[in-house]
$ cat data.cif   # mmCIF, C-alpha atoms
data_entry
#
loop_
_atom_site.label_atom_id
_atom_site.label_comp_id
_atom_site.auth_asym_id
_atom_site.auth_seq_id
_atom_site.Cartn_x
_atom_site.Cartn_y
_atom_site.Cartn_z
CA MET W 18 90.70 83.03 -2.94
CA THR W 19 87.29 84.53 -2.28
CA ARG W 20 85.29 83.63 0.79
CA THR W 21 81.59 83.90 1.45
CA GLY W 22 80.45 84.66 4.97
CA PRO W 23 78.13 82.35 6.93
CA ALA W 24 74.40 82.98 6.90
CA PRO W 25 73.06 85.38 9.54
CA GLY W 26 71.91 83.88 12.78
CA ASN W 27 74.50 81.09 13.06
CA GLY W 28 76.80 82.99 15.40
CA ALA W 29 79.27 84.06 12.72
CA ASP W 30 78.81 87.73 13.61
CA THR W 31 80.08 87.04 17.12
CA LEU W 32 83.29 85.24 16.15
CA ALA W 33 86.21 87.13 14.68
CA ALA W 34 89.02 85.46 12.77
CA PRO W 35 92.40 85.62 14.53
CA ALA W 36 95.01 87.75 12.86
CA VAL W 37 97.90 85.95 11.18
CA PRO W 38 100.96 88.21 11.26
CA SER W 39 104.56 87.38 10.51
CA PRO W 40 105.96 84.44 12.50
CA ALA W 41 107.63 86.52 15.20
CA PRO W 42 104.96 88.77 16.73
CA PRO W 43 105.04 90.29 20.17
CA SER W 44 103.32 88.42 22.98
CA THR W 45 99.60 89.08 23.41
CA GLY W 46 96.91 88.23 25.92
CA ALA W 47 95.65 85.58 23.53
CA ASP W 48 99.14 84.05 23.44
CA ASP W 49 99.16 83.94 27.23
CA GLU W 50 95.77 82.24 27.32
CA ALA W 51 96.83 79.68 24.72
CA THR W 52 100.06 78.99 26.59
CA ALA W 53 98.06 78.30 29.75
CA LEU W 54 95.77 75.95 27.80
CA LEU W 55 98.76 74.10 26.33
CA GLU W 56 100.45 73.79 29.71
CA GLY W 57 97.22 72.55 31.26
CA ALA W 58 96.78 69.95 28.54
CA ARG W 59 100.37 68.79 28.94
CA ALA W 60 99.90 68.42 32.71
CA ASP W 61 96.64 66.49 32.24
CA VAL W 62 97.86 64.20 29.47
CA ASP W 63 101.50 63.52 30.36
CA PRO W 64 100.71 60.97 33.12
CA GLU W 65 98.57 58.98 30.66
CA LEU W 66 101.27 59.24 28.00
CA ARG W 67 103.93 58.02 30.40
CA ARG W 68 101.79 55.08 31.51
CA ALA W 69 101.20 54.12 27.90
CA VAL W 70 104.87 54.40 26.93
CA ASP W 71 106.10 52.62 30.06
CA ALA W 72 103.96 49.60 29.11
CA MET W 73 105.91 49.19 25.86
CA PRO W 74 108.73 46.60 25.55
CA GLY W 75 112.09 47.83 26.86
CA PRO W 76 113.97 48.72 23.65
CA LEU W 77 110.95 50.47 22.13
CA ARG W 78 110.22 52.21 25.42
CA ARG W 79 113.74 53.58 25.49
CA VAL W 80 113.41 55.13 22.02
CA ALA W 81 110.00 56.56 22.84
CA ARG W 82 111.14 58.08 26.10
CA TYR W 83 114.08 59.69 24.32
CA HIS W 84 111.82 61.01 21.56
CA PHE W 85 109.43 62.58 24.10
CA GLY W 86 112.36 64.25 25.84
CA TRP W 87 112.00 62.30 29.08
CA GLU W 88 115.37 60.56 28.81
CA ARG W 89 118.77 61.15 27.29
CA ALA W 90 120.23 58.70 24.80
CA ASP W 91 121.97 56.82 27.62
CA GLY W 92 118.68 56.32 29.47
CA THR W 93 119.26 58.86 32.23
CA PRO W 94 116.35 61.19 33.08
CA ALA W 95 115.98 64.42 31.12
CA THR W 96 113.65 67.39 31.13
CA GLY W 97 113.55 67.90 27.39
CA ASN W 98 110.84 69.41 25.24
CA ALA W 99 108.01 66.95 24.57
CA GLY W 100 106.28 69.30 22.14
CA LYS W 101 103.61 71.95 22.56
CA ALA W 102 100.65 69.57 23.12
CA VAL W 103 98.53 71.47 20.58
CA ARG W 104 96.45 68.43 19.67
CA PRO W 105 95.64 67.33 23.24
CA ALA W 106 94.80 70.94 24.06
CA LEU W 107 92.34 71.02 21.15
CA VAL W 108 90.66 67.85 22.42
CA MET W 109 90.26 69.37 25.89
CA ALA W 110 89.11 72.74 24.56
CA ALA W 111 86.51 71.10 22.34
CA VAL W 112 85.17 69.09 25.28
CA ARG W 113 84.81 72.23 27.37
CA ALA W 114 83.25 74.16 24.48
CA PHE W 115 80.34 71.72 24.45
CA GLY W 116 80.00 71.53 28.23
CA GLY W 117 81.69 68.14 28.63
CA ARG W 118 83.98 66.84 31.33
CA PRO W 119 87.67 67.23 30.35
CA GLN W 120 88.80 64.59 32.84
CA GLU W 121 86.86 62.01 30.81
CA ALA W 122 88.77 62.95 27.64
CA VAL W 123 92.32 62.35 28.82
CA ARG W 124 92.58 59.04 26.93
CA PRO W 125 91.56 60.43 23.54
CA ALA W 126 93.84 63.43 24.11
CA ALA W 127 96.72 61.06 24.83
CA ALA W 128 95.80 58.90 21.84
CA VAL W 129 95.96 61.91 19.54
CA GLU W 130 99.37 62.89 20.93
CA LEU W 131 100.72 59.36 20.56
CA THR W 132 99.51 59.31 16.97
CA HIS W 133 101.15 62.65 16.27
CA ASN W 134 104.47 61.41 17.62
CA PHE W 135 104.25 58.19 15.62
CA THR W 136 104.09 60.37 12.51
CA LEU W 137 107.03 62.50 13.67
CA LEU W 138 109.25 59.46 14.17
CA HIS W 139 108.42 58.19 10.69
CA ASP W 140 108.62 61.61 9.03
CA ASP W 141 112.09 62.20 10.46
CA VAL W 142 113.28 58.95 8.92
CA MET W 143 111.73 59.61 5.51
CA ASP W 144 112.85 63.24 5.42
CA ARG W 145 116.27 62.40 6.88
CA ASP W 146 115.84 65.20 9.41
CA THR W 147 118.64 65.11 11.95
CA THR W 148 117.23 67.55 14.54
CA ARG W 149 113.91 67.54 16.40
CA ARG W 150 113.11 69.70 19.43
CA HIS W 151 116.68 71.00 19.68
CA ARG W 152 118.42 67.61 19.76
CA PRO W 153 119.27 64.69 17.44
CA THR W 154 116.30 62.80 16.03
CA ALA W 155 115.63 59.29 17.30
CA TRP W 156 116.70 57.54 14.11
CA THR W 157 120.13 59.21 14.20
CA VAL W 158 120.63 57.94 17.76
CA PHE W 159 119.02 54.49 17.71
CA GLY W 160 118.97 53.66 14.02
CA VAL W 161 116.24 53.57 11.38
CA PRO W 162 114.68 50.20 12.29
CA ASP W 163 114.16 51.09 15.97
CA ALA W 164 112.72 54.51 15.12
CA ILE W 165 110.23 53.02 12.64
CA LEU W 166 109.20 50.22 14.98
CA THR W 167 108.76 52.62 17.88
CA GLY W 168 106.51 54.76 15.72
CA ASP W 169 104.47 51.67 14.83
CA ALA W 170 104.16 50.80 18.51
CA LEU W 171 103.00 54.31 19.42
CA ALA W 172 100.22 54.06 16.83
CA ALA W 173 99.14 50.71 18.26
CA VAL W 174 99.22 52.02 21.83
CA ALA W 175 97.02 54.95 20.77
CA ALA W 176 94.46 52.54 19.33
CA ARG W 177 94.57 50.42 22.49
CA LEU W 178 93.90 53.45 24.71
CA LEU W 179 90.61 54.03 22.94
CA ALA W 180 89.74 50.34 22.66
CA GLU W 181 90.03 49.99 26.45
CA ASP W 182 88.19 53.23 27.25
CA PRO W 183 84.70 52.59 28.70
CA HIS W 184 83.40 56.00 27.61
CA PRO W 185 80.37 55.67 25.27
CA ALA W 186 82.10 57.78 22.60
CA ALA W 187 85.27 55.66 22.57
CA ALA W 188 84.28 53.34 19.72
CA ARG W 189 83.29 56.22 17.46
CA ALA W 190 86.49 58.06 18.38
CA ALA W 191 88.59 54.97 17.64
CA ALA W 192 87.06 54.70 14.18
CA LEU W 193 87.65 58.40 13.59
CA LEU W 194 91.30 58.14 14.61
CA ALA W 195 91.87 55.02 12.49
CA GLY W 196 90.49 56.80 9.44
CA CYS W 197 92.70 59.77 10.23
CA VAL W 198 95.81 57.56 10.36
CA VAL W 199 95.02 56.19 6.91
CA GLU W 200 94.65 59.77 5.66
CA LEU W 201 97.93 60.77 7.31
CA CYS W 202 99.74 57.89 5.60
CA ALA W 203 98.22 58.80 2.24
CA GLY W 204 99.30 62.40 2.73
CA GLN W 205 102.84 61.38 3.59
CA GLN W 206 103.00 59.10 0.57
CA THR W 207 101.90 61.98 -1.66
CA ASP W 208 104.45 64.25 0.00
CA THR W 209 107.33 61.86 -0.65
CA ALA W 210 106.16 61.44 -4.25
CA LEU W 211 106.14 65.21 -4.72
CA GLU W 212 109.69 65.45 -3.40
CA ARG W 213 110.82 63.18 -6.26
CA ARG W 214 109.25 65.43 -8.89
CA ASN W 215 110.96 68.38 -10.50
CA PRO W 216 110.11 71.69 -8.78
CA GLY W 217 108.35 73.00 -11.88
CA GLU W 218 105.99 70.00 -11.88
CA VAL W 219 104.57 70.68 -8.40
CA THR W 220 101.50 72.89 -8.11
CA LEU W 221 100.00 74.78 -5.20
CA ALA W 222 96.98 72.47 -5.45
CA ASP W 223 99.34 69.53 -4.83
CA CYS W 224 100.74 71.26 -1.75
CA ILE W 225 97.31 72.10 -0.36
CA ALA W 226 96.03 68.54 -0.80
CA THR W 227 99.11 67.15 0.93
CA ALA W 228 98.91 69.58 3.86
CA GLU W 229 95.20 68.93 4.31
CA ALA W 230 95.96 65.22 4.75
CA LYS W 231 99.24 65.44 6.66
CA THR W 232 98.50 68.31 9.05
CA GLY W 233 94.84 69.26 8.84
CA ALA W 234 93.49 65.75 9.29
CA LEU W 235 94.88 65.17 12.78
CA LEU W 236 94.01 68.64 14.06
CA GLY W 237 90.49 68.13 12.75
CA CYS W 238 90.35 64.70 14.34
CA ALA W 239 91.45 66.14 17.70
CA CYS W 240 88.67 68.73 17.65
CA ALA W 241 86.07 66.21 16.52
CA MET W 242 87.07 63.70 19.20
CA GLY W 243 86.66 66.36 21.87
CA ALA W 244 83.18 67.16 20.55
CA LEU W 245 82.31 63.44 20.53
CA TYR W 246 83.38 63.01 24.15
CA ALA W 247 81.16 65.95 25.11
CA GLY W 248 78.15 64.34 23.46
CA ALA W 249 77.83 66.85 20.62
CA GLU W 250 75.55 66.19 17.66
CA GLU W 251 77.06 64.80 14.46
CA GLU W 252 76.64 68.10 12.63
CA ALA W 253 78.64 69.88 15.31
CA VAL W 254 81.29 67.14 15.30
CA ALA W 255 81.69 67.59 11.54
CA ALA W 256 81.94 71.37 11.93
CA LEU W 257 84.67 70.96 14.57
CA ASP W 258 86.53 68.62 12.25
CA ALA W 259 86.34 71.26 9.50
CA PHE W 260 87.54 73.93 11.94
CA GLY W 261 90.57 71.87 12.87
CA ARG W 262 91.39 71.04 9.27
CA GLU W 263 91.34 74.67 8.18
CA ALA W 264 93.36 75.72 11.22
CA GLY W 265 95.76 72.90 10.43
CA LEU W 266 96.30 74.19 6.92
CA ALA W 267 96.99 77.65 8.33
CA PHE W 268 99.38 75.98 10.78
CA GLN W 269 101.25 74.30 7.92
CA LEU W 270 101.45 77.48 5.89
CA ILE W 271 103.06 79.32 8.79
CA ASP W 272 105.24 76.31 9.59
CA ASP W 273 106.60 76.48 6.05
CA VAL W 274 107.35 80.18 6.52
CA ILE W 275 109.21 79.32 9.72
CA GLY W 276 111.13 76.61 7.84
CA ILE W 277 112.78 79.38 5.84
CA TRP W 278 112.73 82.47 8.06
CA GLY W 279 112.50 81.00 11.57
CA ASP W 280 115.07 81.79 14.25
CA PRO W 281 117.32 78.70 14.75
CA ARG W 282 117.52 79.53 18.47
CA ARG W 283 113.78 78.89 18.65
CA THR W 284 113.25 76.28 15.95
CA GLY W 285 116.21 74.06 16.83
CA LYS W 286 116.95 73.75 13.09
CA PRO W 287 119.40 75.60 10.81
CA ALA W 288 118.29 78.82 9.18
CA GLY W 289 116.70 78.10 5.83
CA ALA W 290 116.46 74.40 6.73
CA ASP W 291 113.73 73.69 4.17
CA LEU W 292 115.71 75.34 1.39
CA LEU W 293 118.86 73.40 2.22
CA VAL W 294 117.06 70.11 1.56
CA ARG W 295 115.16 71.54 -1.46
CA LYS W 296 111.80 71.09 0.22
CA LYS W 297 108.84 72.06 -1.96
CA SER W 298 107.14 74.07 0.77
CA PHE W 299 104.28 76.49 0.27
CA PRO W 300 106.41 79.65 -0.07
CA VAL W 301 108.77 77.91 -2.49
CA VAL W 302 106.05 76.53 -4.75
CA ALA W 303 104.19 79.85 -4.68
CA ALA W 304 107.40 81.58 -5.74
CA LEU W 305 108.09 79.02 -8.48
CA CYS W 306 104.55 79.49 -9.82
CA SER W 307 104.72 83.29 -9.68
CA GLY W 308 105.92 83.88 -13.24
CA THR W 309 108.43 86.43 -11.93
CA ALA W 310 112.11 86.88 -12.60
CA ALA W 311 112.78 86.00 -8.95
CA GLY W 312 110.79 82.80 -9.41
CA ALA W 313 112.91 81.88 -12.43
CA GLU W 314 116.07 82.55 -10.41
CA LEU W 315 114.74 80.32 -7.64
CA ALA W 316 114.08 77.51 -10.13
CA GLU W 317 117.65 77.74 -11.34
CA LEU W 318 119.03 77.70 -7.79
CA TYR W 319 116.75 74.80 -6.79
CA ALA W 320 118.16 72.74 -9.65
CA ALA W 321 121.44 72.43 -7.72
CA PRO W 322 121.64 69.23 -5.64
CA ALA W 323 120.63 69.38 -1.97
CA GLY W 324 123.66 69.71 0.25
CA SER W 325 125.61 71.77 -2.27
CA THR W 326 124.33 75.12 -1.01
CA GLY W 327 126.84 77.50 0.54
CA PRO W 328 126.03 80.54 2.70
CA ASP W 329 125.90 82.88 -0.31
CA ASP W 330 123.63 80.53 -2.26
CA LEU W 331 121.34 80.15 0.74
CA ALA W 332 121.01 83.91 1.05
CA ARG W 333 120.11 84.09 -2.65
CA LEU W 334 117.51 81.34 -2.22
CA VAL W 335 115.86 83.12 0.69
CA HIS W 336 115.83 86.42 -1.18
CA ALA W 337 114.41 84.83 -4.33
CA VAL W 338 111.51 83.20 -2.47
CA GLU W 339 110.62 86.47 -0.79
CA ALA W 340 111.08 88.61 -3.89
CA ALA W 341 108.81 86.29 -5.87
CA GLY W 342 106.07 86.74 -3.28
CA GLY W 343 106.25 83.30 -1.67
CA ARG W 344 106.31 84.56 1.89
CA ASP W 345 103.46 87.03 1.40
CA TRP W 346 101.33 84.42 -0.37
CA ALA W 347 101.75 81.89 2.45
CA GLN W 348 100.88 84.40 5.15
CA HIS W 349 97.83 85.69 3.27
CA GLN W 350 96.65 82.14 2.67
CA ALA W 351 97.08 81.34 6.35
CA ALA W 352 94.83 84.28 7.23
CA ASP W 353 92.26 83.13 4.68
CA ARG W 354 92.24 79.60 6.08
CA MET W 355 91.79 80.92 9.58
CA GLY W 356 88.79 82.86 8.36
CA ARG W 357 87.33 79.63 7.02
CA ALA W 358 88.10 77.89 10.30
CA VAL W 359 86.15 80.54 12.21
CA GLN W 360 83.19 80.10 9.88
CA SER W 361 83.15 76.37 10.64
CA LEU W 362 83.39 77.05 14.37
CA ALA W 363 80.48 79.48 14.16
CA ARG W 364 78.29 76.73 12.70
CA ALA W 365 78.88 74.56 15.77
CA LEU W 366 79.01 76.99 18.68
CA PRO W 367 76.78 79.93 19.57
CA GLY W 368 79.32 82.61 20.46
CA PRO W 369 82.73 83.67 21.73
CA GLU W 370 82.19 82.43 25.29
CA SER W 371 82.09 78.76 24.29
CA ALA W 372 84.48 79.15 21.34
CA GLY W 373 87.11 81.25 23.12
CA GLU W 374 89.60 78.50 23.97
CA LEU W 375 89.52 76.98 20.49
CA LEU W 376 90.02 80.41 18.94
CA SER W 377 92.95 81.16 21.26
CA LEU W 378 94.66 77.91 20.30
CA ALA W 379 94.03 78.52 16.61
CA GLU W 380 95.51 81.99 16.89
CA PHE W 381 98.51 80.69 18.79
CA VAL W 382 99.51 78.08 16.21
CA THR W 383 99.48 80.67 13.45
CA ARG W 384 101.44 83.25 15.48
CA ARG W 385 104.22 81.04 16.70
CA SER W 386 107.86 81.54 15.74
CA ALA W 387 109.06 77.97 16.32
#
$ encode --input "data.cif" --output "structure tokens"
Amino acid sequence: MTRTGPAPGNGADTLAAPAVPSPAPPSTGADDEATALLEGARADVDPELRRAVDAMPGPLRRVARYHFGWERADGTPATGNAGKAVRPALVMAAVRAFGGRPQEAVRPAAAVELTHNFTLLHDDVMDRDTTRRHRPTAWTVFGVPDAILTGDALAAVAARLLAEDPHPAAARAAALLAGCVVELCAGQQTDTALERRNPGEVTLADCIATAEAKTGALLGCACAMGALYAGAEEEAVAALDAFGREAGLAFQLIDDVIGIWGDPRRTGKPAGADLLVRKKSFPVVAALCSGTAAGAELAELYAAPAGSTGPDDLARLVHAVEAAGGRDWAQHQAADRMGRAVQSLARALPGPESAGELLSLAEFVTRRSA
């Protein structure tokens, strides 16, 4: 895709797009900064998350606490992985970028994280994923009904956090998040519909539209909510939303690369996990649409039922996707989307000093290996 640069004078010449290398790069200073931002967001938001979850009814609370990694299945305390806190970190970074007070944005940051985890609980059920964050998914431990109902409760708790927040931006943020949830649900519905279609009937445009709704929408919402809580103008709020959406699409593109080539020791999922379940991820669809001999081989291999793939077949699947250009396409598209994200950020913020944290986080999510 071609891309036109922003007009002179809007700060675009002071912001550089983060590089998007393969999903296992060496550590950089930007990675260290992003890690500090993520850890800070987790420390700020976790107390609010725990208060919100602890107010839930007992059975639902138990599932939620397990899902967040705070308890084992038997209810004993655990120190599991609660996720990277990318979305809360974006809220906080956006607040700081506009000169706001991060301590006033803890509730929207928690609301965004609760919403994200509601979608994870439901996605795991619909996708029949058995592993999340290096341990069994909630539905495999507590059953499908409890996992779905806990996800519903997390969404409601997120809405209540904003409804009870006295901040003047809370009502606008609540409306923004509610609209985002509708978009997320529509994106998931489209995704499940695509999974029922034959591989040759799915286009890259279908994949992009789904990822924009499923992944980009909530990252954009997180950035926009941070801008709202800092008192930014509507034009800047919209630009932050666009930044998050484009970064979210880059995130999903790299996530799909990781779903095939990620290290199981880091991802917590089997190697080639997406191929094993015949997921129509970005690299796969790009390969199927390539018109190459490797793409034709992939189509033939993908016709075999999920679950019937042996080690040799999996190796052939991985090779076919790469040989057909699926991996390269996804990584190049991720870089392009990050360029677009930077253009949107340049429309809202004057230069690298105020945009630095948001850029570091955007770079981090497209450099990660798990």
$ atom_distance --input "data.cif" --atom1 "CA of Arg78 in chain W" --atom2 "CA of Phe135 in chain W"
12.9 Å
$ residues_around --input "data.cif" --residues "Asp146 in chain W" --least-positions-apart "4" --cutoff "10 Å" --atoms "all atoms listed in the file" --output "list in words"
Leu138, Asp140, Asp141, Val142, Pro153, Thr154, Ala155, Trp156, Thr157, Lys286, Ala290 and Val294 of chain W
$ closest_residue --input "data.cif" --among "W:Gly243, W:Pro369, W:Pro216, W:Pro76" --to "Arg124 in chain W" --atoms "all atoms listed in the file"
W:Gly243
$ resolve_selection --input "data.cif" --expression "the PyMOL selection byres ((chain W and resi 174) around 12)" --output "ChimeraX atom specification"
/W:65-74,77-78,81,124-125,127-132,134-135,167-173,175-181,191
$ axis_aligned_box --input "data.cif" --around "range 326-344 of chain W" --padding-each-side "3 Å" --output "JSON"
{"center_x": 116.5, "center_y": 81.9, "center_z": -1.6, "size_x": 26.8, "size_y": 19.5, "size_z": 14.6}
$ closest_residue --input "data.cif" --among "W:Ala332, W:Leu378, W:Val103, W:Leu166" --to "Ile277 in chain W" --atoms "only C-alpha atoms"
W:Ala332
$ atom_distance --input "data.cif" --atom1 "CA of Arg213 in chain W" --atom2 "CA of Ser325 in chain W"
17.6 Å
$ decode --input "data.cif" --residues "range 98-181 of chain W" --atoms "C-alpha atoms" --output "PDB file, in the first residue's frame"
ATOM      1  CA  ASN W  98       0.851 -13.645  34.616  1.00  0.00           C
ATOM      2  CA  ALA W  99      -2.055 -11.184  34.431  1.00  0.00           C
ATOM      3  CA  GLY W 100      -1.043  -9.957  30.987  1.00  0.00           C
ATOM      4  CA  LYS W 101       1.173  -7.129  29.795  1.00  0.00           C
ATOM      5  CA  ALA W 102      -1.222  -4.247  30.653  1.00  0.00           C
ATOM      6  CA  VAL W 103      -0.720  -2.682  27.210  1.00  0.00           C
ATOM      7  CA  ARG W 104      -4.140  -1.039  27.187  1.00  0.00           C
ATOM      8  CA  PRO W 105      -3.925   0.530  30.664  1.00  0.00           C
ATOM      9  CA  ALA W 106      -0.422   1.728  29.806  1.00  0.00           C
ATOM     10  CA  LEU W 107      -1.779   3.433  26.685  1.00  0.00           C
ATOM     11  CA  VAL W 108      -4.448   5.202  28.757  1.00  0.00           C
ATOM     12  CA  MET W 109      -1.815   6.482  31.185  1.00  0.00           C
ATOM     13  CA  ALA W 110       0.625   7.454  28.432  1.00  0.00           C
ATOM     14  CA  ALA W 111      -2.070   9.372  26.584  1.00  0.00           C
ATOM     15  CA  VAL W 112      -3.005  11.264  29.750  1.00  0.00           C
ATOM     16  CA  ARG W 113       0.605  12.265  30.315  1.00  0.00           C
ATOM     17  CA  ALA W 114       1.080  13.202  26.657  1.00  0.00           C
ATOM     18  CA  PHE W 115      -1.573  15.898  27.024  1.00  0.00           C
ATOM     19  CA  GLY W 116      -0.380  17.103  30.425  1.00  0.00           C
ATOM     20  CA  GLY W 117      -3.107  15.381  32.447  1.00  0.00           C
ATOM     21  CA  ARG W 118      -2.969  13.719  35.841  1.00  0.00           C
ATOM     22  CA  PRO W 119      -2.469   9.931  35.528  1.00  0.00           C
ATOM     23  CA  GLN W 120      -3.802   9.278  39.032  1.00  0.00           C
ATOM     24  CA  GLU W 121      -7.193  10.552  37.842  1.00  0.00           C
ATOM     25  CA  ALA W 122      -7.254   8.009  35.002  1.00  0.00           C
ATOM     26  CA  VAL W 123      -6.866   4.800  36.998  1.00  0.00           C
ATOM     27  CA  ARG W 124     -10.567   3.933  36.659  1.00  0.00           C
ATOM     28  CA  PRO W 125     -10.708   4.206  32.864  1.00  0.00           C
ATOM     29  CA  ALA W 126      -7.427   2.284  32.639  1.00  0.00           C
ATOM     30  CA  ALA W 127      -8.926  -0.474  34.786  1.00  0.00           C
ATOM     31  CA  ALA W 128     -12.154  -0.390  32.779  1.00  0.00           C
ATOM     32  CA  VAL W 129     -10.238  -0.931  29.551  1.00  0.00           C
ATOM     33  CA  GLU W 130      -8.338  -3.860  31.077  1.00  0.00           C
ATOM     34  CA  LEU W 131     -11.529  -5.439  32.413  1.00  0.00           C
ATOM     35  CA  THR W 132     -13.086  -5.110  28.972  1.00  0.00           C
ATOM     36  CA  HIS W 133     -10.051  -6.692  27.337  1.00  0.00           C
ATOM     37  CA  ASN W 134     -10.223  -9.662  29.690  1.00  0.00           C
ATOM     38  CA  PHE W 135     -13.952 -10.090  29.128  1.00  0.00           C
ATOM     39  CA  THR W 136     -13.136 -10.552  25.441  1.00  0.00           C
ATOM     40  CA  LEU W 137     -10.339 -13.026  26.223  1.00  0.00           C
ATOM     41  CA  LEU W 138     -12.638 -15.221  28.306  1.00  0.00           C
ATOM     42  CA  HIS W 139     -15.218 -15.292  25.526  1.00  0.00           C
ATOM     43  CA  ASP W 140     -12.676 -15.701  22.720  1.00  0.00           C
ATOM     44  CA  ASP W 141     -11.110 -18.705  24.445  1.00  0.00           C
ATOM     45  CA  VAL W 142     -14.502 -20.390  24.587  1.00  0.00           C
ATOM     46  CA  MET W 143     -15.392 -19.645  20.965  1.00  0.00           C
ATOM     47  CA  ASP W 144     -11.938 -20.570  19.663  1.00  0.00           C
ATOM     48  CA  ARG W 145     -11.684 -23.588  21.974  1.00  0.00           C
ATOM     49  CA  ASP W 146      -8.236 -22.434  23.058  1.00  0.00           C
ATOM     50  CA  THR W 147      -6.972 -24.561  25.917  1.00  0.00           C
ATOM     51  CA  THR W 148      -3.973 -22.455  27.000  1.00  0.00           C
ATOM     52  CA  ARG W 149      -3.741 -18.799  28.028  1.00  0.00           C
ATOM     53  CA  ARG W 150      -0.744 -17.204  29.739  1.00  0.00           C
ATOM     54  CA  HIS W 151       1.034 -20.543  30.141  1.00  0.00           C
ATOM     55  CA  ARG W 152      -1.797 -22.389  31.891  1.00  0.00           C
ATOM     56  CA  PRO W 153      -5.226 -23.908  31.135  1.00  0.00           C
ATOM     57  CA  THR W 154      -7.896 -21.454  30.029  1.00  0.00           C
ATOM     58  CA  ALA W 155     -10.735 -20.683  32.430  1.00  0.00           C
ATOM     59  CA  TRP W 156     -13.381 -22.561  30.470  1.00  0.00           C
ATOM     60  CA  THR W 157     -11.341 -25.780  30.559  1.00  0.00           C
ATOM     61  CA  VAL W 158     -11.102 -25.497  34.356  1.00  0.00           C
ATOM     62  CA  PHE W 159     -14.510 -24.130  35.362  1.00  0.00           C
ATOM     63  CA  GLY W 160     -16.663 -24.986  32.364  1.00  0.00           C
ATOM     64  CA  VAL W 161     -18.101 -22.963  29.500  1.00  0.00           C
ATOM     65  CA  PRO W 162     -21.076 -21.406  31.338  1.00  0.00           C
ATOM     66  CA  ASP W 163     -18.955 -19.997  34.187  1.00  0.00           C
ATOM     67  CA  ALA W 164     -16.337 -18.623  31.795  1.00  0.00           C
ATOM     68  CA  ILE W 165     -18.974 -16.858  29.672  1.00  0.00           C
ATOM     69  CA  LEU W 166     -20.813 -15.455  32.671  1.00  0.00           C
ATOM     70  CA  THR W 167     -17.587 -14.227  34.246  1.00  0.00           C
ATOM     71  CA  GLY W 168     -16.751 -12.440  31.020  1.00  0.00           C
ATOM     72  CA  ASP W 169     -20.200 -10.830  31.041  1.00  0.00           C
ATOM     73  CA  ALA W 170     -19.667  -9.709  34.625  1.00  0.00           C
ATOM     74  CA  LEU W 171     -16.266  -8.182  33.831  1.00  0.00           C
ATOM     75  CA  ALA W 172     -17.851  -6.109  31.056  1.00  0.00           C
ATOM     76  CA  ALA W 173     -20.539  -4.897  33.451  1.00  0.00           C
ATOM     77  CA  VAL W 174     -17.989  -4.072  36.152  1.00  0.00           C
ATOM     78  CA  ALA W 175     -16.007  -2.035  33.614  1.00  0.00           C
ATOM     79  CA  ALA W 176     -19.116  -0.010  32.776  1.00  0.00           C
ATOM     80  CA  ARG W 177     -19.856   0.522  36.469  1.00  0.00           C
ATOM     81  CA  LEU W 178     -16.346   1.841  37.130  1.00  0.00           C
ATOM     82  CA  LEU W 179     -16.932   4.655  34.673  1.00  0.00           C
ATOM     83  CA  ALA W 180     -20.547   5.247  35.712  1.00  0.00           C
ATOM     84  CA  GLU W 181     -19.408   5.828  39.309  1.00  0.00           C
TER      85      GLU W 181
END
